[in-house]
Amino acid sequence: MNIYQLTSTANIINVFGTSAIACFFLHQVSVNITGEKKQAANRFFLGFLLLGFAFISFSFDPWLPKVWSVFFNNMLYPASTYLILLGIISWYQYTVPKRYIFFMHLHVILFGLLQAAIYLYIEHSDYIRIALCITTEVIIFSVAFVFSWYHRRPEHRGERYISLAMLVCAISVSFPSLFLIKTRSFEVYGLGVVVMQILASDFLLGALMSLFLFDQINWHYRRSIRDELTGLYNRRYFRDQLSEQIGQNDQQGVVAMIDIDYFKRVNDTYGHDVGDKVMINVAKVLQDNIPLKGVLARYGGEEFVLYAPWPNLSIAATHLDEIRKAIELLEFDEDGHQFGITISIGCARLALDVDVIESIKCADHALYQSKVHGRNRVTVMESRIATGLHHRPA
């Protein structure tokens with residue numbers, strides 16, 4: 001065995017090890033997730049598994065009939081690339097029609113047969129077969145890159161990395177052909193293929209790890225800032241976000257406290273499941289009516305808090321009254337008993353020289369005034385300092 005064969009074999013073993021690690025990681029990941037992401041993990045797993053078989057097949061070149069090596073390699077590589085593409089499509093919760101999957105299977109088999117036929121019946125066909133293989137792989141990886149880049153979410157770094165991995169793979173597939181053009185040596189080309197495979201498989205493995213790792217991090221982060229029932233932000237995130245916006249942008253506006261009137265009576269009369277339904281519907285109406293740069297959160301119990309960049313309390317009162325009227329139009333039906341709900345709102349100004357918590361207390365005091373004056377109304381508080389906070393009736 002010469003130095004080229006020794007180096008090539010060592011590199012193939014290295015790449016096969018990467019495939020084995022990827023398969024182990026993806027199998028463990030798929031056990032703990034469900035839905036489209038589980039399907040994506042399974043497809044990535046199968047993609048790396050076939051990639052590992054392709055590396056094994058590549059290493060058996062000296063001992064297998066050449067035609068079999070050509071046939072299997074030219075089936076395994078496109079099949080693994082298609083599975084990576086299907087995994088990305090599943091990740092973004094798209095469904096591939098069965099007829100397309102059938103055509104992918106058909107393309108893989110026919111491509112392997114075509115390459116074997118070219119080898120058998122066309123002399124000195126190495127350049128043709130290499131060109132066909134590179135073109136096929138580059139097209140599939142390019143489609144995967146365009147699809148993943150177009151659908152990536154800016155806040156999800158793992159999705160950005162998997163897009164870049166597809167681009168790296170497309171470049172890595174085509175790069176060894178430059179060595180072949182320059183040196184006219186198939187040994188140099190084969191070594192270039194192995195080196196580029198190491199680069200691409202390592203980058204792809206890292207990107208897939210990042211994809212699932214950052215997804216878990218984002219999932220835990222979303223749970224930490226969102227209310228589980230309504231999906232709105234929670235109190236802690238609201239306070240942090242409000243302080244950050246005011247501090248960075250010197251932005252003023254208003255803060256409003258919103259409370260569902262007689263919510264305890266709804267729970268006592270119809271049960272907590274109906275109460276949850278009321279809470280979800282109120283949250284949806286509020287969410288649909290907040291301004292573009294507004295921030296809405298569930299403050300606790302049946303209370304909500306809203307920040308809006310309205311310039312003064314008069315404009316704020318007009319908009320908040322429209323929200324109040326929208327809630328008043330909601331109708332609920334429980335076992336033939338129809339009922340409606342109302343909300344009370346208190347509003348106060350935000351200012352750069354006043355602490356956010358103080359402004360929230362002012363809005364809470366204004367909410368108290370709405371409660372004691374009959375509920376189902378909007379009250380604004382001109383003062384920016386909370387002089388006293390009374391217990392609000394339910």
# chains A, B, ... in the order shown; residues from 1 in each chain; ligands from 1
>>> select_by_dssp(residues="region 15-95 of chain A", states="helix (DSSP H, G or I)", output="MDAnalysis selection string")
chainID A and resid 15:31 35:59 66:91
>>> write_last_selection(atoms="C-alpha atoms", output="short mmCIF file (atom, residue, chain, number, x, y, z; two decimals), in the first residue's frame")
data_model
loop_
_atom_site.label_atom_id
_atom_site.label_comp_id
_atom_site.auth_asym_id
_atom_site.auth_seq_id
_atom_site.Cartn_x
_atom_site.Cartn_y
_atom_site.Cartn_z
CA VAL A 15 -14.94 10.50 8.00
CA PHE A 16 -16.66 7.21 8.80
CA GLY A 17 -16.06 7.96 12.49
CA THR A 18 -17.71 11.35 12.03
CA SER A 19 -20.71 9.65 10.45
CA ALA A 20 -20.93 7.19 13.34
CA ILE A 21 -20.84 10.04 15.90
CA ALA A 22 -23.52 11.91 13.94
CA CYS A 23 -25.74 8.82 13.82
CA PHE A 24 -25.37 8.29 17.57
CA PHE A 25 -26.13 11.94 18.32
CA LEU A 26 -29.15 12.10 16.00
CA HIS A 27 -30.56 8.87 17.35
CA GLN A 28 -30.37 10.22 20.91
CA VAL A 29 -31.97 13.48 19.80
CA SER A 30 -34.84 11.76 17.99
CA VAL A 31 -35.77 9.81 21.13
CA GLY A 35 -43.50 15.71 15.36
CA GLU A 36 -41.69 17.18 12.37
CA LYS A 37 -38.46 17.70 14.29
CA LYS A 38 -38.34 14.01 15.12
CA GLN A 39 -38.87 13.22 11.45
CA ALA A 40 -36.09 15.67 10.57
CA ALA A 41 -33.72 14.02 13.05
CA ASN A 42 -34.53 10.57 11.64
CA ARG A 43 -33.87 11.74 8.09
CA PHE A 44 -30.59 13.37 9.10
CA PHE A 45 -29.69 10.09 10.84
CA LEU A 46 -30.37 8.05 7.71
CA GLY A 47 -28.46 10.58 5.62
CA PHE A 48 -25.33 10.22 7.74
CA LEU A 49 -25.80 6.44 7.86
CA LEU A 50 -25.80 6.22 4.06
CA LEU A 51 -22.85 8.61 3.99
CA GLY A 52 -20.98 6.19 6.24
CA PHE A 53 -21.80 3.30 3.91
CA ALA A 54 -20.58 5.42 0.99
CA PHE A 55 -17.25 5.94 2.74
CA ILE A 56 -16.97 2.20 3.36
CA SER A 57 -17.78 1.51 -0.28
CA PHE A 58 -15.19 4.08 -1.32
CA SER A 59 -12.52 2.37 0.80
CA LYS A 66 -14.92 -1.36 -10.29
CA VAL A 67 -18.42 -1.44 -11.75
CA TRP A 68 -19.94 -2.30 -8.37
CA SER A 69 -18.04 0.49 -6.68
CA VAL A 70 -19.28 2.95 -9.32
CA PHE A 71 -22.85 1.72 -8.96
CA PHE A 72 -23.03 1.81 -5.15
CA ASN A 73 -21.14 5.07 -4.69
CA ASN A 74 -23.32 6.87 -7.21
CA MET A 75 -26.44 5.68 -5.43
CA LEU A 76 -25.32 6.22 -1.83
CA TYR A 77 -24.04 9.78 -2.19
CA PRO A 78 -27.18 11.25 -3.86
CA ALA A 79 -29.40 9.24 -1.49
CA SER A 80 -27.65 10.66 1.57
CA THR A 81 -27.85 14.19 0.13
CA TYR A 82 -31.56 13.81 -0.62
CA LEU A 83 -32.14 12.68 2.98
CA ILE A 84 -30.35 15.77 4.29
CA LEU A 85 -32.59 17.90 2.06
CA LEU A 86 -35.72 16.07 3.26
CA GLY A 87 -34.57 16.52 6.85
CA ILE A 88 -34.28 20.28 6.35
CA ILE A 89 -37.73 20.39 4.74
CA SER A 90 -39.19 18.47 7.70
CA TRP A 91 -37.48 20.82 10.16
#
>>> residues_around(residues="Phe332 (chain A)", least_positions_apart="6", cutoff="10 Å", atoms="only C-alpha atoms", output="list in words")
Val274, Lys277, Val278, Asn281, Gln338, Phe339, Gly340 and Ile341 of chain A
>>> write_last_selection(atoms="N, CA and C atoms", output="short mmCIF file (atom, residue, chain, number, x, y, z; two decimals), in the first residue's frame")
data_model
loop_
_atom_site.label_atom_id
_atom_site.label_comp_id
_atom_site.auth_asym_id
_atom_site.auth_seq_id
_atom_site.Cartn_x
_atom_site.Cartn_y
_atom_site.Cartn_z
N VAL A 274 -63.57 26.84 31.64
CA VAL A 274 -64.20 27.96 30.97
C VAL A 274 -63.45 29.25 31.28
N LYS A 277 -60.62 29.44 29.01
CA LYS A 277 -61.08 29.81 27.67
C LYS A 277 -61.30 31.32 27.57
N VAL A 278 -61.91 31.89 28.61
CA VAL A 278 -62.13 33.34 28.65
C VAL A 278 -60.79 34.07 28.62
N ASN A 281 -59.19 33.97 25.12
CA ASN A 281 -59.88 34.84 24.15
C ASN A 281 -59.61 36.31 24.42
N GLN A 338 -75.35 31.53 27.86
CA GLN A 338 -74.52 32.53 27.21
C GLN A 338 -74.17 33.64 28.21
N PHE A 339 -72.95 34.08 28.12
CA PHE A 339 -72.53 35.18 29.00
C PHE A 339 -71.43 35.98 28.30
N GLY A 340 -71.27 37.20 28.76
CA GLY A 340 -70.23 38.07 28.26
C GLY A 340 -69.34 38.54 29.39
N ILE A 341 -68.31 39.25 29.07
CA ILE A 341 -67.40 39.77 30.09
C ILE A 341 -67.05 41.22 29.76
#
>>> closest_residue(among="A:Ile122, A:Phe179, A:Gly190, A:Tyr92", to="Arg153 (chain A)", atoms="only C-alpha atoms")
A:Tyr92
>>> select_by_dssp(residues="region 153-296 of chain A", states="strand (DSSP E or B)", output="number ranges by chain")
A: 226, 233, 253-260, 295-296
>>> closest_residue(among="A:Ile162, A:Ala308, A:Val188, A:Ile323", to="Gln252 (chain A)", atoms="only C-alpha atoms")
A:Ala308
